Each structure stands twice: as structure tokens, then as C-alpha cells.
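Next comes input.txt, with compact mmCIF, C-alpha atoms.
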# COMPACT_ATOMS: atom_id res chain seq x y z
CA MET A 1 33.37 68.25 91.20
CA THR A 2 30.65 70.90 91.47
CA ILE A 3 29.29 72.13 94.81
CA ILE A 4 25.54 72.50 94.36
CA ARG A 5 24.27 74.10 97.55
CA ARG A 6 24.87 77.55 98.99
CA LYS A 7 28.15 78.66 100.52
CA ALA A 8 28.47 79.03 104.27
CA ALA A 9 27.58 82.42 105.76
CA ALA A 10 30.13 84.72 107.35
CA GLY A 11 29.43 83.43 110.86
CA PRO A 12 28.89 79.78 111.81
CA PHE A 13 25.09 80.07 111.59
CA ASP A 14 24.40 83.63 110.49
CA GLY A 15 21.08 84.33 108.80
CA GLU A 16 18.64 81.77 107.49
CA GLN A 17 19.65 78.11 107.45
CA SER A 18 18.20 74.97 105.92
CA PHE A 19 17.22 72.23 108.37
CA PHE A 20 15.98 68.66 107.96
CA ALA A 21 14.04 66.91 110.72
CA THR A 22 14.09 63.12 110.42
CA THR A 23 11.13 61.00 111.51
CA ALA A 24 9.65 57.51 111.21
CA LYS A 25 8.16 56.53 107.86
CA GLY A 26 4.51 57.49 107.75
CA VAL A 27 4.86 60.32 110.30
CA GLU A 28 6.05 63.02 107.88
CA GLU A 29 2.63 64.70 107.59
CA VAL A 30 2.17 64.76 111.37
CA LEU A 31 5.61 66.33 111.80
CA ALA A 32 4.90 68.94 109.11
CA ARG A 33 1.73 69.98 110.95
CA GLU A 34 3.75 70.29 114.18
CA MET A 35 6.26 72.56 112.44
CA THR A 36 3.55 74.77 110.97
CA GLY A 37 1.99 75.07 114.42
CA LEU A 38 5.36 76.18 115.82
CA GLY A 39 5.61 78.90 113.18
CA LEU A 40 8.63 77.38 111.41
CA GLY A 41 9.14 78.51 107.82
CA GLY A 42 9.71 76.74 104.52
CA VAL A 43 8.08 73.50 105.68
CA THR A 44 8.44 70.85 102.96
CA MET A 45 7.73 67.13 103.37
CA GLU A 46 10.14 64.52 102.03
CA LYS A 47 10.46 60.79 102.50
CA GLY A 48 11.76 60.15 105.99
CA GLY A 49 11.50 63.71 107.24
CA VAL A 50 10.54 67.34 106.77
CA ARG A 51 12.63 70.35 105.72
CA PHE A 52 12.27 73.79 107.24
CA THR A 53 14.18 77.05 107.26
CA GLY A 54 15.02 79.59 109.94
CA ASP A 55 17.74 81.02 112.14
CA LEU A 56 19.49 79.49 115.13
CA SER A 57 16.42 80.11 117.30
CA ALA A 58 14.35 77.96 114.92
CA CYS A 59 16.84 75.12 115.41
CA TYR A 60 16.68 75.44 119.20
CA ARG A 61 12.88 75.70 119.16
CA ALA A 62 12.51 72.64 116.93
CA ASN A 63 14.66 70.51 119.25
CA LEU A 64 12.78 71.73 122.31
CA TRP A 65 9.21 71.40 121.00
CA LEU A 66 8.87 68.87 118.19
CA ARG A 67 7.28 65.68 119.52
CA THR A 68 7.56 63.44 116.45
CA ALA A 69 11.00 64.41 115.07
CA SER A 70 13.95 62.05 115.61
CA ARG A 71 16.80 64.47 114.86
CA ILE A 72 17.27 68.05 113.61
CA LEU A 73 20.03 68.27 111.02
CA VAL A 74 21.65 71.53 109.89
CA ALA A 75 22.48 71.25 106.18
CA LEU A 76 25.94 72.65 105.36
CA THR A 77 26.55 71.63 101.76
CA GLU A 78 25.51 69.24 99.03
CA PHE A 79 27.52 67.92 96.08
CA GLN A 80 27.77 65.14 93.51
CA CYS A 81 29.96 62.32 94.80
CA HIS A 82 31.19 59.49 92.56
CA SER A 83 34.58 58.76 94.13
CA PRO A 84 36.56 58.95 97.39
CA GLN A 85 38.28 62.08 96.06
CA ASP A 86 34.90 63.75 95.36
CA LEU A 87 33.91 63.06 98.94
CA TYR A 88 37.17 64.31 100.41
CA ASP A 89 37.18 67.48 98.33
CA GLY A 90 33.53 68.24 99.06
CA VAL A 91 34.04 67.95 102.81
CA ARG A 92 37.33 69.87 102.73
CA ALA A 93 35.59 72.79 100.98
CA LEU A 94 33.71 73.58 104.20
CA PRO A 95 35.15 76.02 106.79
CA TRP A 96 35.29 73.48 109.63
CA ASP A 97 37.13 75.89 111.95
CA ARG A 98 33.77 77.71 112.30
CA TYR A 99 32.08 74.61 113.72
CA LEU A 100 34.72 73.00 115.92
CA THR A 101 38.16 73.55 117.45
CA PRO A 102 41.07 71.16 118.08
CA ASP A 103 39.65 70.74 121.61
CA THR A 104 36.23 69.64 120.30
CA THR A 105 35.51 65.93 119.98
CA LEU A 106 34.01 64.65 116.75
CA ALA A 107 32.06 61.72 115.31
CA VAL A 108 30.66 60.98 111.85
CA GLU A 109 27.49 59.03 111.01
CA CYS A 110 26.69 57.87 107.49
CA VAL A 111 23.50 56.97 105.62
CA LEU A 112 24.46 55.33 102.33
CA ARG A 113 22.30 54.00 99.51
CA ASP A 114 22.49 53.37 95.73
CA SER A 115 25.88 55.07 95.23
CA ALA A 116 29.28 54.38 93.68
CA LEU A 117 30.77 54.32 97.20
CA THR A 118 29.33 51.24 98.87
CA HIS A 119 30.81 51.05 102.39
CA SER A 120 29.35 53.40 105.01
CA GLY A 121 32.31 52.90 107.35
CA PHE A 122 34.74 54.02 104.63
CA VAL A 123 32.59 57.07 103.82
CA ALA A 124 32.51 58.06 107.51
CA LEU A 125 36.29 57.58 107.82
CA LYS A 126 37.02 59.61 104.67
CA THR A 127 34.76 62.40 105.91
CA LYS A 128 36.51 62.42 109.27
CA ASP A 129 39.91 62.59 107.55
CA ALA A 130 38.85 65.64 105.54
CA ILE A 131 37.59 67.43 108.66
CA VAL A 132 40.64 66.77 110.84
CA ASP A 133 43.02 67.64 107.97
CA THR A 134 41.27 71.02 107.69
CA LEU A 135 41.67 71.67 111.41
CA ARG A 136 45.30 70.52 111.41
CA ASP A 137 46.12 72.90 108.55
CA ARG A 138 44.46 75.77 110.43
CA PHE A 139 45.66 75.14 114.01
CA GLY A 140 48.58 72.72 113.72
CA ARG A 141 46.72 70.04 115.67
CA ARG A 142 43.61 67.96 115.13
CA PRO A 143 40.45 67.25 117.15
CA SER A 144 39.88 63.85 118.77
CA VAL A 145 37.27 61.35 117.65
CA ASN A 146 34.69 60.25 120.25
CA PRO A 147 32.11 57.94 118.62
CA LYS A 148 30.04 57.49 121.81
CA ASP A 149 29.66 61.05 123.10
CA PRO A 150 31.02 63.64 120.63
CA ASP A 151 30.77 67.41 120.96
CA LEU A 152 30.01 67.62 117.23
CA LEU A 153 28.14 64.89 115.35
CA VAL A 154 28.47 65.13 111.55
CA ASN A 155 25.88 63.43 109.36
CA VAL A 156 26.72 62.21 105.85
CA HIS A 157 23.75 61.38 103.64
CA LEU A 158 24.96 59.79 100.39
CA VAL A 159 22.10 58.59 98.18
CA ARG A 160 22.31 58.03 94.41
CA ASN A 161 25.75 59.73 94.35
CA ARG A 162 24.42 62.93 95.88
CA CYS A 163 26.09 63.77 99.18
CA THR A 164 24.66 66.06 101.86
CA ILE A 165 26.84 67.05 104.82
CA SER A 166 24.93 68.17 107.92
CA LEU A 167 25.51 68.80 111.60
CA ASP A 168 23.27 66.87 113.98
CA SER A 169 21.99 69.52 116.36
CA SER A 170 20.13 67.03 118.58
CA GLY A 171 22.96 64.78 119.74
CA THR A 172 21.18 61.72 121.06
CA GLY A 173 17.86 61.08 119.29
CA LEU A 174 14.93 63.25 120.30
CA ASP A 175 12.95 60.11 121.19
CA ARG A 176 15.18 59.90 124.26
CA ARG A 177 13.30 62.46 126.28
CA GLY A 178 15.06 61.48 129.50
CA TYR A 179 12.11 60.17 131.51
CA ARG A 180 12.35 56.53 130.49
CA THR A 181 15.32 54.85 132.18
CA GLU A 182 13.78 51.39 131.95
CA ALA A 183 11.35 50.69 129.13
CA GLY A 184 10.18 47.15 129.83
CA GLU A 185 9.67 44.62 127.05
CA ALA A 186 9.07 45.70 123.44
CA PRO A 187 9.08 49.48 124.11
CA LEU A 188 7.40 52.03 121.86
CA ARG A 189 9.59 55.02 121.03
CA GLU A 190 8.44 58.27 122.57
CA THR A 191 8.32 60.00 119.18
CA LEU A 192 6.12 57.27 117.67
CA ALA A 193 3.87 57.25 120.75
CA ALA A 194 3.43 61.02 120.34
CA ALA A 195 2.58 60.52 116.67
CA LEU A 196 -0.10 57.97 117.59
CA VAL A 197 -1.72 60.41 120.02
CA LEU A 198 -1.66 63.23 117.46
CA LEU A 199 -3.15 60.97 114.77
CA THR A 200 -6.12 60.12 116.99
CA GLY A 201 -6.96 63.81 117.25
CA TRP A 202 -7.23 63.58 121.05
CA ASP A 203 -7.11 67.13 122.38
CA GLY A 204 -7.43 66.73 126.14
CA THR A 205 -11.19 67.42 126.27
CA VAL A 206 -12.30 63.78 126.72
CA PRO A 207 -10.84 60.91 128.78
CA LEU A 208 -7.93 58.93 127.32
CA VAL A 209 -7.54 55.26 128.24
CA ASP A 210 -4.80 52.71 127.49
CA PRO A 211 -5.89 49.31 128.89
CA LEU A 212 -2.57 47.68 127.89
CA CYS A 213 -0.31 50.54 128.91
CA GLY A 214 2.96 48.73 129.59
CA SER A 215 5.58 51.27 130.64
CA GLY A 216 3.14 54.11 130.01
CA THR A 217 4.77 55.88 127.06
CA ILE A 218 1.57 56.65 125.13
CA LEU A 219 -0.16 58.19 128.14
CA ILE A 220 2.91 60.15 129.26
CA GLU A 221 3.28 61.67 125.80
CA ALA A 222 -0.43 62.50 125.78
CA ALA A 223 -0.16 64.21 129.16
CA LEU A 224 2.82 66.29 127.99
CA MET A 225 0.72 67.44 125.01
CA ALA A 226 -2.37 68.22 127.05
CA LEU A 227 -0.27 70.26 129.48
CA ASN A 228 1.47 72.05 126.57
CA ARG A 229 4.78 70.98 128.07
CA ALA A 230 7.73 70.97 125.68
CA PRO A 231 9.09 67.39 125.47
CA GLY A 232 12.66 68.70 125.44
CA LEU A 233 12.33 70.21 128.93
CA VAL A 234 12.96 66.77 130.47
CA ARG A 235 16.26 66.25 128.61
CA GLU A 236 19.57 67.17 130.19
CA ARG A 237 21.16 68.53 127.01
CA PHE A 238 21.16 68.70 123.22
CA GLY A 239 24.03 68.46 120.77
CA PHE A 240 23.99 72.16 119.89
CA GLN A 241 24.75 73.10 123.51
CA ARG A 242 28.29 71.81 122.99
CA TRP A 243 28.99 73.79 119.83
CA PRO A 244 31.39 76.76 119.97
CA ALA A 245 28.62 78.94 118.51
CA PHE A 246 26.05 77.99 121.20
CA ASP A 247 24.01 81.02 122.29
CA ALA A 248 23.22 80.29 125.95
CA THR A 249 21.20 83.49 126.44
CA ARG A 250 18.92 82.73 123.52
CA TRP A 251 18.45 79.15 124.75
CA ARG A 252 17.57 80.23 128.31
CA ARG A 253 14.99 82.62 126.89
CA LEU A 254 13.31 79.79 124.94
CA LEU A 255 13.30 77.55 128.02
CA GLU A 256 11.67 80.26 130.10
CA GLU A 257 9.03 80.90 127.42
CA ALA A 258 8.26 77.18 127.32
CA ARG A 259 7.83 76.94 131.08
CA GLN A 260 5.51 79.96 131.12
CA THR A 261 3.15 78.41 128.56
CA GLU A 262 2.61 75.17 130.52
CA ARG A 263 -0.83 74.35 131.88
CA THR A 264 -1.15 73.24 135.48
CA THR A 265 -4.48 71.38 135.35
CA LEU A 266 -6.27 68.89 133.12
CA ALA A 267 -10.03 68.69 132.78
CA VAL A 268 -10.23 64.96 132.04
CA PRO A 269 -8.60 61.76 133.33
CA ILE A 270 -5.75 59.94 131.60
CA LEU A 271 -5.90 56.29 132.66
CA GLY A 272 -3.60 53.33 132.13
CA SER A 273 -3.92 49.74 133.25
CA ASP A 274 -1.96 46.54 132.91
CA ARG A 275 -2.17 43.18 134.60
CA LEU A 276 1.50 43.18 135.66
CA GLU A 277 2.36 45.22 138.74
CA ASP A 278 6.10 45.31 137.99
CA VAL A 279 5.36 46.86 134.58
CA LEU A 280 3.15 49.47 136.22
CA ALA A 281 6.00 50.31 138.59
CA LEU A 282 8.04 51.23 135.50
CA ALA A 283 5.15 53.34 134.17
CA ARG A 284 4.78 55.23 137.45
CA GLY A 285 8.52 55.91 137.58
CA ASN A 286 8.50 57.16 134.00
CA SER A 287 5.54 59.46 134.62
CA ARG A 288 7.19 60.84 137.74
CA ARG A 289 10.42 61.65 135.88
CA ALA A 290 8.36 63.26 133.10
CA GLY A 291 6.61 65.42 135.71
CA VAL A 292 3.11 64.19 134.80
CA ASP A 293 2.47 61.71 137.64
CA LYS A 294 -0.28 63.97 139.04
CA PHE A 295 -2.19 63.72 135.76
CA VAL A 296 -1.84 60.05 134.75
CA SER A 297 -3.31 57.20 136.82
CA PHE A 298 -2.06 53.61 136.55
CA GLU A 299 -3.73 50.59 138.11
CA ALA A 300 -3.28 46.82 137.98
CA ARG A 301 -6.24 45.39 136.06
CA ASP A 302 -6.91 42.62 133.61
CA LEU A 303 -8.22 43.76 130.24
CA ARG A 304 -11.52 41.97 130.87
CA GLU A 305 -12.08 44.14 133.95
CA LEU A 306 -11.81 47.43 132.06
CA VAL A 307 -14.34 50.06 133.20
CA PRO A 308 -13.65 53.30 131.29
CA PRO A 309 -15.05 56.67 132.41
CA PRO A 310 -18.41 57.70 130.93
CA ALA A 311 -18.33 58.28 127.16
CA PRO A 312 -17.32 60.02 125.01
CA GLY A 313 -13.64 59.20 125.22
CA VAL A 314 -10.65 57.79 123.37
CA ILE A 315 -8.95 54.42 123.80
CA LEU A 316 -5.44 54.14 122.35
CA THR A 317 -3.43 50.98 122.88
CA ASN A 318 -0.47 49.04 121.50
CA PRO A 319 -0.99 45.32 122.24
CA PRO A 320 1.75 42.73 121.62
CA TYR A 321 1.85 41.40 118.08
CA GLY A 322 3.74 38.16 117.98
CA ARG A 323 6.90 39.02 116.14
CA ARG A 324 8.31 40.73 119.21
CA LEU A 325 6.72 39.14 122.26
CA GLY A 326 5.67 35.61 121.44
CA ASP A 327 3.92 33.34 119.04
CA GLU A 328 1.28 35.11 116.92
CA GLU A 329 -0.98 32.06 117.01
CA GLN A 330 -1.21 32.26 120.80
CA LEU A 331 -2.29 35.90 120.59
CA LYS A 332 -5.36 35.34 118.41
CA SER A 333 -7.64 34.68 121.37
CA PHE A 334 -6.24 37.76 123.10
CA TYR A 335 -7.14 39.97 120.14
CA ARG A 336 -10.63 38.46 120.10
CA GLN A 337 -10.83 39.40 123.77
CA ILE A 338 -9.82 42.98 122.92
CA GLY A 339 -12.70 43.15 120.42
CA ASP A 340 -15.16 41.75 122.96
CA VAL A 341 -14.11 44.31 125.60
CA PHE A 342 -14.41 47.15 123.08
CA LYS A 343 -17.93 46.06 122.11
CA GLN A 344 -19.22 45.22 125.58
CA ARG A 345 -17.59 47.85 127.80
CA CYS A 346 -16.64 50.85 125.68
CA ALA A 347 -19.82 52.01 123.90
CA GLY A 348 -19.57 55.66 122.88
CA TYR A 349 -15.78 55.60 122.74
CA THR A 350 -13.46 55.85 119.75
CA ALA A 351 -10.86 53.09 119.97
CA TRP A 352 -7.48 53.09 118.21
CA LEU A 353 -5.33 49.98 118.05
CA PHE A 354 -1.69 50.02 116.89
CA THR A 355 -0.40 46.65 115.67
CA GLY A 356 2.25 45.13 113.47
CA SER A 357 0.07 42.17 112.53
CA ILE A 358 -2.81 42.53 110.09
CA GLY A 359 -3.71 38.89 110.75
CA LEU A 360 -4.15 39.52 114.47
CA ALA A 361 -6.07 42.74 113.83
CA LYS A 362 -8.67 40.71 111.94
CA GLU A 363 -9.32 38.72 115.12
CA VAL A 364 -10.67 41.87 116.82
CA GLY A 365 -13.92 41.25 114.91
CA LEU A 366 -14.71 44.92 114.33
CA LYS A 367 -14.63 46.89 111.08
CA ALA A 368 -11.99 49.62 111.15
CA SER A 369 -13.27 53.00 109.93
CA ARG A 370 -9.72 54.17 109.27
CA ARG A 371 -6.34 52.51 108.65
CA ILE A 372 -3.07 54.43 108.86
CA ALA A 373 0.21 52.84 107.74
CA LEU A 374 3.19 53.60 110.00
CA PHE A 375 6.58 52.04 110.64
CA ASN A 376 7.87 50.94 114.04
CA GLY A 377 11.54 50.73 113.10
CA PRO A 378 11.66 48.47 110.03
CA LEU A 379 8.29 46.86 110.80
CA GLU A 380 5.26 48.08 108.84
CA CYS A 381 2.32 48.58 111.21
CA ARG A 382 -1.24 49.86 111.16
CA LEU A 383 -3.09 52.29 113.39
CA LEU A 384 -6.72 51.16 113.25
CA LYS A 385 -9.72 53.24 114.26
CA TYR A 386 -12.94 51.67 115.59
CA ASP A 387 -16.10 53.68 116.21
CA LEU A 388 -17.83 51.96 119.15
CA TYR A 389 -21.52 52.78 118.92

Is it possible to give me this structure as C-alpha cells?
Amino acid sequence: MTIIRRKAAAGPFDGEQSFFATTAKGVEEVLAREMTGLGLGGVTMEKGGVRFTGDLSACYRANLWLRTASRILVALTEFQCHSPQDLYDGVRALPWDRYLTPDTTLAVECVLRDSALTHSGFVALKTKDAIVDTLRDRFGRRPSVNPKDPDLLVNVHLVRNRCTISLDSSGTGLDRRGYRTEAGEAPLRETLAAALVLLTGWDGTVPLVDPLCGSGTILIEAALMALNRAPGLVRERFGFQRWPAFDATRWRRLLEEARQTERTTLAVPILGSDRLEDVLALARGNSRRAGVDKFVSFEARDLRELVPPPAPGVILTNPPYGRRLGDEEQLKSFYRQIGDVFKQRCAGYTAWLFTGSIGLAKEVGLKASRRIALFNGPLECRLLKYDLY
């Protein structure tokens, strides 16, 4: 078996490292632009994510600031893997005593596709065996496995017999900002909501309206952007904070820099409405925990009663689309109503509608000037742009 990638540096994360940020399908270009804006180096798009290079500070900064990334993985090694022995030997070749101790808890996640090894659970177990055997040889005792809340989360990516071993520096997914304790029905992930806002080009200079706001995720993410508030500031912790090599001083410095760059005022309103008061109670709670409740207004209002601020402005909304919340046939009249409200009440606005049903989108009765394919989990969706003259 031949190890293809570089050897580990003298320290756990000395010098420049290779990182891979995962994201939803269709969001790779948005994420790459975010990385470039953060000053990260070696930005390269791939299917399902974006690679970048940098030191430990780059890893911390990416976790703190990236709005559309799901996880930040630290690549350790890569090798050809055609058998259980290849896998075991490849994992054993790594100096695991640099990344964890016998007192550190461990878990292994596996992504497996088109390979000689066909069972992800077996691959994860074999990887775990190689790691704990290495620690037992070094210290005489082995670390414990904690699948729910590990100190170190190891990621195995085995595709077409090529195996990449990485450390997951994020811990829980970056979509879990920490402000949304209750999401309501059919929630939109925070990372995807942020991607939608970025794709509209909204920059905080014109009003933003979501007339079907649900639990408020789109508007909360927009407010965080407009205030230049790092999305990671709301989270309690990241995976890397539990690593033996965690640099607390460097992390505190990045947090302080982030807080100092926040804005304290917005020049335009961010408005959400929904007909259900209990849903709006969730939205208000979420915005309060996100620290943006002073900047986002929610009110109970039927779609037909929408009165947006004077144009120009942006409407961005994610209506129900049948496969999640009810029968698609029953929603056709609702989508026609959306189109009528856009035409009759929103002249001068740019409207964006995110839906998982092309059939329902046709009921809007307006010609989309742009169509962007995105995935909400496994479901292929479209973000549709309407210029409302």
C-alpha cells in the first residue's frame, strides 16, 4: 500500500495544512467566494465542498466566519484502499498520539461510495481499531469511544478505493449556530438560508422582506450578515476547542477581532410576517438568541395583506412545497396567490422564491429571470428570481 499525501508535520498542526469545507450541493461557488473574502489561501472548488490551505488560525477563522460551510475537515493523509488491511495500515501510519490521548474520547464517521469495502459501519470500526491500537501501543491504555459527543471526531472519506482521513474541526455541524432551539415545521438549515441571502446579492442597503418567514431563519441570517457578525459567535463551542493542541490565546484573539468589527446599526428594515402567531413566537425567540431582535421585525399577517416598504427592495421567501408539508395539489392556489401578491403589491422589488417543486413554481404565473439549482438535503430545489416592474 502506498501513502499518497504528505507526511504529518513535527507538531500536531505545524505549518500549512490542507482543509476541506463541506457544503450543500450547488453552494460550492458561494462558499468559495466567502473564503476568498476571508483571505483564505489555496481556494479550490470540488463537488460537495471547497478546499483551502492555511495554518491553525485559518481553521479557527473558517469555523468562526463561514456562513455556508457545513464542516471544516483537516486532511491528515490519503491512500489507496482496496482491503481491510489497506485501511488498517493506512490509519495506523498516522501519529495519533499527536491528536489525542488515552483520556480523549473518540468517534469515527464514514462516507463510503463505489469502493471494494462496502459497509460504512465496518470501515468506521476498522478505523477506530487502528487508532486505539496505536494509542495502546504508545501509552499502555486506549481512549474511550463516545459516538454522541466525542472530543475528537475522525472523518473517513472512502470513494472509488481512495481513502482520505481527516479530523472534523467543527464538531457539531456549522449549521447549528446555537440560536434555533425550536425550528418549527420543515425548517431550513441556517447554512442554506445564508446561501440564499448571498445568492440574491442583498447587501443591507435596501429593505428585505420574507412574507412567509416561519421560524425566521432567512431573516436572522441576513441580519447577521448585514451587521458583519460572525455566525460562530453564537455557538458555545467547536470541536477543535477540545483538542490537546487547542491554542486558547489565538482563539480569544480571533473572537475579540470579530466582536470589534460588528456594526451596531442597520440603515434599512428587515421584515418578516406569517399568519401563525405561534410560529412567530419561535422566530422572535430565535432572533433574540441570535442577538438580532432589535434589527428584525416579525408580525402576524396573511400573505394577501402584505404591504412592503417603498421600493426598491428584496423579497426572499421559502414557501411550503408539498413533499414536506402537505399535498402539492392543494398548494397550487397558494402559489397563484403568491404571484398575485408579487404583481399587485410589490412593484419595484426583486423577488426570490425558493421551492422544491417546479410544478408549483409554474403556478406563480411570472417569468423567472434567473433559476439557480440547489439541494435542500437530498431534494433538488430552485431559487427563482422575479423582476417586479

Exercise for review: Would you mind reading off the distance between atom CA of Ile220 of chain A and atom CA of Arg288 of chain A, one decimal, in Å?
Suggested key: 9.5 Å

Exercise for review: May I ask for the distance between atom CA of Asn376 of chain A and atom CA of Ala21 of chain A, given in Å to one decimal place?
Suggested key: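 Computed distance, atom CA of Asn376 of chain A to atom CA of Ala21 of chain A, equals 17.4 Å.
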
Review point. For the atom pair atom CA of Thr77 of chain A and atom CA of Leu94 of chain A, what is the interatomic distance in Å to one decimal place?
Key: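 Taking atom CA of Thr77 of chain A and atom CA of Leu94 of chain A, their separation equals 7.8 Å.
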
Check your understanding: Which of these residues is nearest to Tyr335 of chain A, using all atoms listed in the file: A:Leu366, A:Ala193, A:Leu167, A:Leu125?
Key ->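 Using all atoms listed in the file, the shortest distance to Tyr335 of chain A belongs to A:Leu366.
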
**Study point:** Tyr60 of chain A surroundings by only C-alpha atoms, 8 Å radius, close-in-sequence under 3 positions cut, as a PyMOL selection string
**Key:** chain A and resi 56-57+63-64+251+254

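Neighbours of Tyr386 of chain A closer than or equal to 10 Å, with only C-alpha atoms counted and sequence neighbours fewer than 6 positions away skipped, come out as Ile315, Gly339, Phe342, Lys343, Tyr349, Thr350, Ala351, Trp352, Leu353, Leu366, Lys367, Ala368, Ser369, Arg370 and Arg371 of chain A.
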
Could you dump the residues just selected with C-alpha atoms as a PDB file, keeping the file's coordinate frame?
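Heads up, here's the output in out_33.pdb:
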ATOM      1  CA  ILE A 315      -8.950  54.420 123.800  1.00  0.00           C
ATOM      2  CA  GLY A 339     -12.700  43.150 120.420  1.00  0.00           C
ATOM      3  CA  PHE A 342     -14.410  47.150 123.080  1.00  0.00           C
ATOM      4  CA  LYS A 343     -17.930  46.060 122.110  1.00  0.00           C
ATOM      5  CA  TYR A 349     -15.780  55.600 122.740  1.00  0.00           C
ATOM      6  CA  THR A 350     -13.460  55.850 119.750  1.00  0.00           C
ATOM      7  CA  ALA A 351     -10.860  53.090 119.970  1.00  0.00           C
ATOM      8  CA  TRP A 352      -7.480  53.090 118.210  1.00  0.00           C
ATOM      9  CA  LEU A 353      -5.330  49.980 118.050  1.00  0.00           C
ATOM     10  CA  LEU A 366     -14.710  44.920 114.330  1.00  0.00           C
ATOM     11  CA  LYS A 367     -14.630  46.890 111.080  1.00  0.00           C
ATOM     12  CA  ALA A 368     -11.990  49.620 111.150  1.00  0.00           C
ATOM     13  CA  SER A 369     -13.270  53.000 109.930  1.00  0.00           C
ATOM     14  CA  ARG A 370      -9.720  54.170 109.270  1.00  0.00           C
ATOM     15  CA  ARG A 371      -6.340  52.510 108.650  1.00  0.00           C
TER      16      ARG A 371
END

Check your understanding: For His157 of chain A, which residue among A:Leu117, A:Leu100, A:Ala195, A:Ala130 is the nearest when counting all atoms listed in the file?
Key -> A:Leu117

Practice item. In the coordinates of the file, take the point (13.8, 79.3, 122.3) and a cut-off of 12 Å; then, counting all atoms listed in the file, name each qualifying protein, DNA or RNA residue as a PyMOL selection string. Key: chain A and resi 38+55-65+230+232-233+247-259

Point to revise | Nearby residues (only C-alpha atoms) at most 10 Å from Leu188 of chain A, same-chain spacing under 6 positions excluded, as a list of chain:residue names | key: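 Here the qualifying residues turn out to be A:Asp175, A:Ala194, A:Gly214, A:Ser215, A:Gly216, A:Thr217, A:Ile218, A:Asn318, A:Asn376, A:Gly377.
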
Exercise for review: Identify, on the basis of all atoms listed in the file, every residue whose closest approach to Cys163 of chain A does not exceed 9 Å; exclude the query and any residue fewer than 3 positions from it along the same chain; express the result as a PyMOL selection string.
Suggested key: chain A and resi 77-81+87+90+156-160

Given the selection you just returned, output its residues as a file containing C-alpha atoms, formatted as an mmCIF file, in the frame of the given file.
data_model
loop_
_atom_site.group_PDB
_atom_site.id
_atom_site.type_symbol
_atom_site.label_atom_id
_atom_site.label_comp_id
_atom_site.auth_asym_id
_atom_site.auth_seq_id
_atom_site.Cartn_x
_atom_site.Cartn_y
_atom_site.Cartn_z
ATOM 1 C CA THR A 77 26.550 71.630 101.760
ATOM 2 C CA GLU A 78 25.510 69.240 99.030
ATOM 3 C CA PHE A 79 27.520 67.920 96.080
ATOM 4 C CA GLN A 80 27.770 65.140 93.510
ATOM 5 C CA CYS A 81 29.960 62.320 94.800
ATOM 6 C CA LEU A 87 33.910 63.060 98.940
ATOM 7 C CA GLY A 90 33.530 68.240 99.060
ATOM 8 C CA VAL A 156 26.720 62.210 105.850
ATOM 9 C CA HIS A 157 23.750 61.380 103.640
ATOM 10 C CA LEU A 158 24.960 59.790 100.390
ATOM 11 C CA VAL A 159 22.100 58.590 98.180
ATOM 12 C CA ARG A 160 22.310 58.030 94.410
#

Practice item. Give the answer as one residue: which of A:Pro84, A:Leu153, A:Gly348, A:Leu196 has the shortest atom-to-atom distance to Gly26 of chain A, using all atoms listed in the file? Key: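 Selected residue with least distance to Gly26 of chain A: A:Leu196.
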
Practice item. Find the residues around Phe354 of chain A up to 8 Å (all atoms listed in the file counted), leave out those fewer than 6 positions away in its own chain, and share them as a ChimeraX atom specification. Key: /A:316-319,381-384

Check your understanding: Which residue, A:Thr101, A:Ser170, A:Arg138, A:Val145, has the smallest gap to Ile72 of chain A when you use all atoms listed in the file?
Key ->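 Selected residue with least distance to Ile72 of chain A: A:Ser170.
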
**Study point:** Spatial sel., origin (11.6, 66.0, 130.5), limit 6 Å, only C-alpha atoms, listed as a ChimeraX atom specification
**Key:** /A:177-179,231-235,290

**Study point:** Nearest-residue call for Asp293 of chain A, choices A:Ala223, A:Val307, A:Val268, A:Val27, using all atoms listed in the file
**Key:**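 Closest residue, counting all atoms listed in the file: A:Ala223.
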
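Using all atoms listed in the file for every distance, the candidate list A:Ala69, A:Ala347, A:Met35, A:Leu106 yields A:Leu106 as the residue closest to Lys148 of chain A.
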
Missing atoms in segment 330-342 of chain A need filling: write out N, CA and C atoms for it as a PDB file, keeping the file's coordinate frame.
ATOM      1  N   GLN A 330      -0.733  32.220 119.415  1.00  0.00           N
ATOM      2  CA  GLN A 330      -1.210  32.260 120.800  1.00  0.00           C
ATOM      3  C   GLN A 330      -1.922  33.573 121.128  1.00  0.00           C
ATOM      4  N   LEU A 331      -1.695  34.599 120.311  1.00  0.00           N
ATOM      5  CA  LEU A 331      -2.290  35.900 120.590  1.00  0.00           C
ATOM      6  C   LEU A 331      -3.656  36.101 119.938  1.00  0.00           C
ATOM      7  N   LYS A 332      -4.077  35.171 119.100  1.00  0.00           N
ATOM      8  CA  LYS A 332      -5.360  35.340 118.410  1.00  0.00           C
ATOM      9  C   LYS A 332      -6.519  35.468 119.385  1.00  0.00           C
ATOM     10  N   SER A 333      -6.545  34.615 120.390  1.00  0.00           N
ATOM     11  CA  SER A 333      -7.640  34.680 121.370  1.00  0.00           C
ATOM     12  C   SER A 333      -7.588  35.983 122.153  1.00  0.00           C
ATOM     13  N   PHE A 334      -6.379  36.502 122.382  1.00  0.00           N
ATOM     14  CA  PHE A 334      -6.240  37.760 123.100  1.00  0.00           C
ATOM     15  C   PHE A 334      -6.827  38.916 122.293  1.00  0.00           C
ATOM     16  N   TYR A 335      -6.573  38.931 120.996  1.00  0.00           N
ATOM     17  CA  TYR A 335      -7.140  39.970 120.140  1.00  0.00           C
ATOM     18  C   TYR A 335      -8.667  39.853 120.046  1.00  0.00           C
ATOM     19  N   ARG A 336      -9.174  38.623 120.060  1.00  0.00           N
ATOM     20  CA  ARG A 336     -10.630  38.460 120.100  1.00  0.00           C
ATOM     21  C   ARG A 336     -11.188  39.043 121.405  1.00  0.00           C
ATOM     22  N   GLN A 337     -10.423  38.858 122.473  1.00  0.00           N
ATOM     23  CA  GLN A 337     -10.830  39.400 123.770  1.00  0.00           C
ATOM     24  C   GLN A 337     -10.836  40.937 123.736  1.00  0.00           C
ATOM     25  N   ILE A 338      -9.848  41.530 123.072  1.00  0.00           N
ATOM     26  CA  ILE A 338      -9.820  42.980 122.920  1.00  0.00           C
ATOM     27  C   ILE A 338     -11.107  43.457 122.233  1.00  0.00           C
ATOM     28  N   GLY A 339     -11.477  42.782 121.135  1.00  0.00           N
ATOM     29  CA  GLY A 339     -12.700  43.150 120.420  1.00  0.00           C
ATOM     30  C   GLY A 339     -13.935  43.013 121.289  1.00  0.00           C
ATOM     31  N   ASP A 340     -14.004  41.956 122.075  1.00  0.00           N
ATOM     32  CA  ASP A 340     -15.160  41.750 122.960  1.00  0.00           C
ATOM     33  C   ASP A 340     -15.255  42.866 124.002  1.00  0.00           C
ATOM     34  N   VAL A 341     -14.108  43.237 124.579  1.00  0.00           N
ATOM     35  CA  VAL A 341     -14.110  44.310 125.600  1.00  0.00           C
ATOM     36  C   VAL A 341     -14.513  45.633 124.964  1.00  0.00           C
ATOM     37  N   PHE A 342     -14.007  45.921 123.772  1.00  0.00           N
ATOM     38  CA  PHE A 342     -14.410  47.150 123.080  1.00  0.00           C
ATOM     39  C   PHE A 342     -15.924  47.189 122.897  1.00  0.00           C
TER      40      PHE A 342
END
